[in-house]
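Asker: Mind looking over this structure? Questions follow.
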Amino acid sequence: MATIYWFSGTGNSYHAARSIGDRIGDTRLVRITDTLRNSGERLSDDVVGFVFPVYAGGMPVLAAELLQEAPIEADYLFCVATHAGRYGNALRQFERLAADSGQRPDALFDILMPANTRLSAEPREPGPKASAKLEQAESALESVAAGIRDRVTLLEGRSGGLYGLLARLVHPLFSKGIRKADNAFGVTDDCTSCGICAKVCPTSDITIGVSGRPVWHNRCEGCNACISFCPEHAIYKGRKPEKRYGYRHPEVTAGYLIRNE
């Protein structure tokens, strides 16, 4: 039996976790949320994996906090970092935090996927470069799953090179300020008060106020799920209130990311 703990804002990492789970079989997928972090649950199974995107060269803050607070017990422990070009210090950060929790990882993988932070004023289909990355990712996911099935050891050469060293300096600054990143968010009159933004948020950062509009509470992860999965594209970032379209993995809908605790 395997359990994969995943964090995803726009669907790339969820797709990776689901694909790996389907390929290795007998796998439970568990979304990393603030509720899981605070549950005190032991992260235990024959195989335990973590799948998350790289933010500012490191792990999402919530995923790192879970490792710091929850003990791990597994016969085989792995992580997969999805990224748009470089994984920085994310894999070594995972290795250190897992070791501190009492379980040294067996394998550290990375998957190249399309960039997911850019917003646009018009809807966009994945371009040729993004489509090529999605195709390459499927082949890479098959290789990762095969490695997990065979319980390979992969720890060498995972430092991220010069970018990994730079990330060790940049990521702490990112982590310190990311909670208040939602101060830049707003909502247009296209909002229908559907509440999907609150449901896909992994940290319960969003509530629906008395006006029916989303309200942010400075618990942001910077994942952009609220923007990318708003059905009316009513959530924007910045000073100009306008429709904003974010990247979404073409095979992942909001339903897969909705909190289920």
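In the structure tokens, the first chain shown is A, the next is B, and so on; residue numbers restart at 1 for each chain, and ligands run from 1 in the order shown.
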So that I can check the secondary structure, give me every residue of region 8-195 of chain A assigned strand (DSSP E or B) by backbone DSSP, as a ChimeraX atom specification.

Answerer: /A:27-31,43-53,55,58,72-83,107-112,119-120,154,185-187

Asker: Neighbouring residues of region 7-10 of chain A were defined as those with any atom within 9 Å, considering only C-alpha atoms; residues of the same chain fewer than 4 positions away were excluded. Please report them as a PyMOL selection string.

Answerer: chain A and resi 14-15+30-33+50-53+60+62-63+116-117+200-202+221-226+228-229+246-249+252+254+257

Asker: For the residues in that selection, give me C-alpha atoms as a PDB file, in the first residue's frame.

Answerer:
ATOM      1  CA  TYR A  14      -2.013  16.798  -8.549  1.00  0.00           C
ATOM      2  CA  HIS A  15      -1.818  15.303 -12.037  1.00  0.00           C
ATOM      3  CA  VAL A  30      -4.071  12.774   0.395  1.00  0.00           C
ATOM      4  CA  ARG A  31      -4.162  16.515  -0.175  1.00  0.00           C
ATOM      5  CA  ILE A  32      -1.834  18.611   2.000  1.00  0.00           C
ATOM      6  CA  THR A  33      -3.966  21.200   3.789  1.00  0.00           C
ATOM      7  CA  PHE A  50       5.251  13.699  -1.410  1.00  0.00           C
ATOM      8  CA  VAL A  51       4.438  15.568  -4.626  1.00  0.00           C
ATOM      9  CA  PHE A  52       4.578  19.365  -4.705  1.00  0.00           C
ATOM     10  CA  PRO A  53       5.531  22.303  -6.953  1.00  0.00           C
ATOM     11  CA  PRO A  60       5.577  25.244  -0.557  1.00  0.00           C
ATOM     12  CA  LEU A  62       2.540  24.296   3.967  1.00  0.00           C
ATOM     13  CA  ALA A  63       4.276  21.142   2.722  1.00  0.00           C
ATOM     14  CA  ASN A 116       1.812  28.155 -14.082  1.00  0.00           C
ATOM     15  CA  THR A 117       2.292  31.595 -12.538  1.00  0.00           C
ATOM     16  CA  VAL A 200      -9.928  24.968  -3.492  1.00  0.00           C
ATOM     17  CA  CYS A 201      -7.761  27.003  -1.108  1.00  0.00           C
ATOM     18  CA  PRO A 202      -5.488  24.590   0.820  1.00  0.00           C
ATOM     19  CA  GLU A 221       0.471  29.996  -0.143  1.00  0.00           C
ATOM     20  CA  GLY A 222       0.754  31.852  -3.458  1.00  0.00           C
ATOM     21  CA  CYS A 223      -0.642  28.825  -5.302  1.00  0.00           C
ATOM     22  CA  ASN A 224      -3.097  30.842  -7.478  1.00  0.00           C
ATOM     23  CA  ALA A 225      -5.788  28.151  -7.178  1.00  0.00           C
ATOM     24  CA  CYS A 226      -8.438  30.774  -6.388  1.00  0.00           C
ATOM     25  CA  SER A 228      -7.132  29.753 -11.857  1.00  0.00           C
ATOM     26  CA  PHE A 229     -10.305  27.902 -10.871  1.00  0.00           C
ATOM     27  CA  GLY A 246      -4.563  31.546 -14.968  1.00  0.00           C
ATOM     28  CA  TYR A 247      -2.946  28.324 -16.119  1.00  0.00           C
ATOM     29  CA  ARG A 248      -4.704  25.056 -15.289  1.00  0.00           C
ATOM     30  CA  HIS A 249      -3.486  21.580 -16.135  1.00  0.00           C
ATOM     31  CA  VAL A 252      -7.495  18.733 -13.816  1.00  0.00           C
ATOM     32  CA  ALA A 254     -11.626  22.289  -9.655  1.00  0.00           C
ATOM     33  CA  LEU A 257      -8.657  20.194  -5.759  1.00  0.00           C
TER      34      LEU A 257
END

Asker: Leaving out Pro126 (chain A) and any residue of its chain fewer than 2 positions from it, which residues lie within 10 Å of it when counting only C-alpha atoms, given as a list of chain:residue names?

Answerer: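 These residues fall inside the cut-off: A:Pro114, A:Pro123, A:Arg124, A:Pro128, A:Lys129, A:Ala130, A:Ser131, A:Ala132, A:Lys133, A:Leu134, A:Tyr247, A:Arg248, A:His249, A:Pro250.
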
Asker: Quick one: everything within 12 Å of Lys240 (chain A), counting only C-alpha atoms, minus sequence neighbours fewer than 2 positions away in the same chain. Send it as a list in words.

Answerer: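 Result of the neighbour search: Ala121, Ala184, Phe185, Gly186, Val187, Thr188, Ala234, Ile235, Tyr236, Lys237, Gly238, Glu242, Lys243 and Arg244 of chain A.
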
Asker: What is the distance, in Å and to one decimal place, between CA of Leu108 (chain A) and CA of Gly25 (chain A)?

Answerer: 19.6 Å

Asker: Nearest to Ala99 (chain A): which of A:Met59, A:Ala84, A:Ile72, A:Cys79 is it, counting only C-alpha atoms?

Answerer: A:Ile72

Asker: Can you list, as a count of residues only, all residues belonging to region 3-180 of chain A that DSSP tags as alpha helix (DSSP H)?

Answerer: 77

Asker: From the set A:Leu66, A:Ala56, A:Ala145, A:Cys194, which residue has the shortest atom-to-atom contact distance to Thr35 (chain A), counting only C-alpha atoms?

Answerer: A:Leu66

Asker: Nearest to Ile148 (chain A) among A:Leu112, A:Val80, A:Leu173, A:Leu29, with distances taken over only C-alpha atoms: which residue is it?

Answerer: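 Result for the nearest residue to Ile148 (chain A): A:Val80.
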
Asker: Just give me the gap between CA of Ile196 (chain A) and CA of Ser19 (chain A) in Å, one decimal is fine.

Answerer: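 Taking CA of Ile196 (chain A) and CA of Ser19 (chain A), their separation equals 24.4 Å.
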
Asker: Pick out the closest residue to Asp26 (chain A) from this set: A:Arg118, A:Arg96, A:Arg149, A:Arg42. Count only C-alpha atoms.

Answerer: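 Under the stated criterion, the closest residue is A:Arg149.
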
Asker: One decimal, Å: what's the distance from CA of Arg18 (chain A) over to CA of Met1 (chain A), could you say?

Answerer: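 Computed distance, CA of Arg18 (chain A) to CA of Met1 (chain A), equals 14.7 Å.
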
Asker: Could you check the closest approach to Ser175 (chain A) for each of A:Ala137, A:Leu162, A:Leu91, A:Val61 and tell me which residue wins, using only C-alpha atoms?

Answerer: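 Selected residue with least distance to Ser175 (chain A): A:Val61.
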
Asker: So, with only C-alpha atoms as the atoms that count, which of A:Arg28, A:Arg151, A:His233, A:Arg23 lies closest to Trp6 (chain A)?

Answerer: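 Under the stated criterion, the closest residue is A:Arg28.
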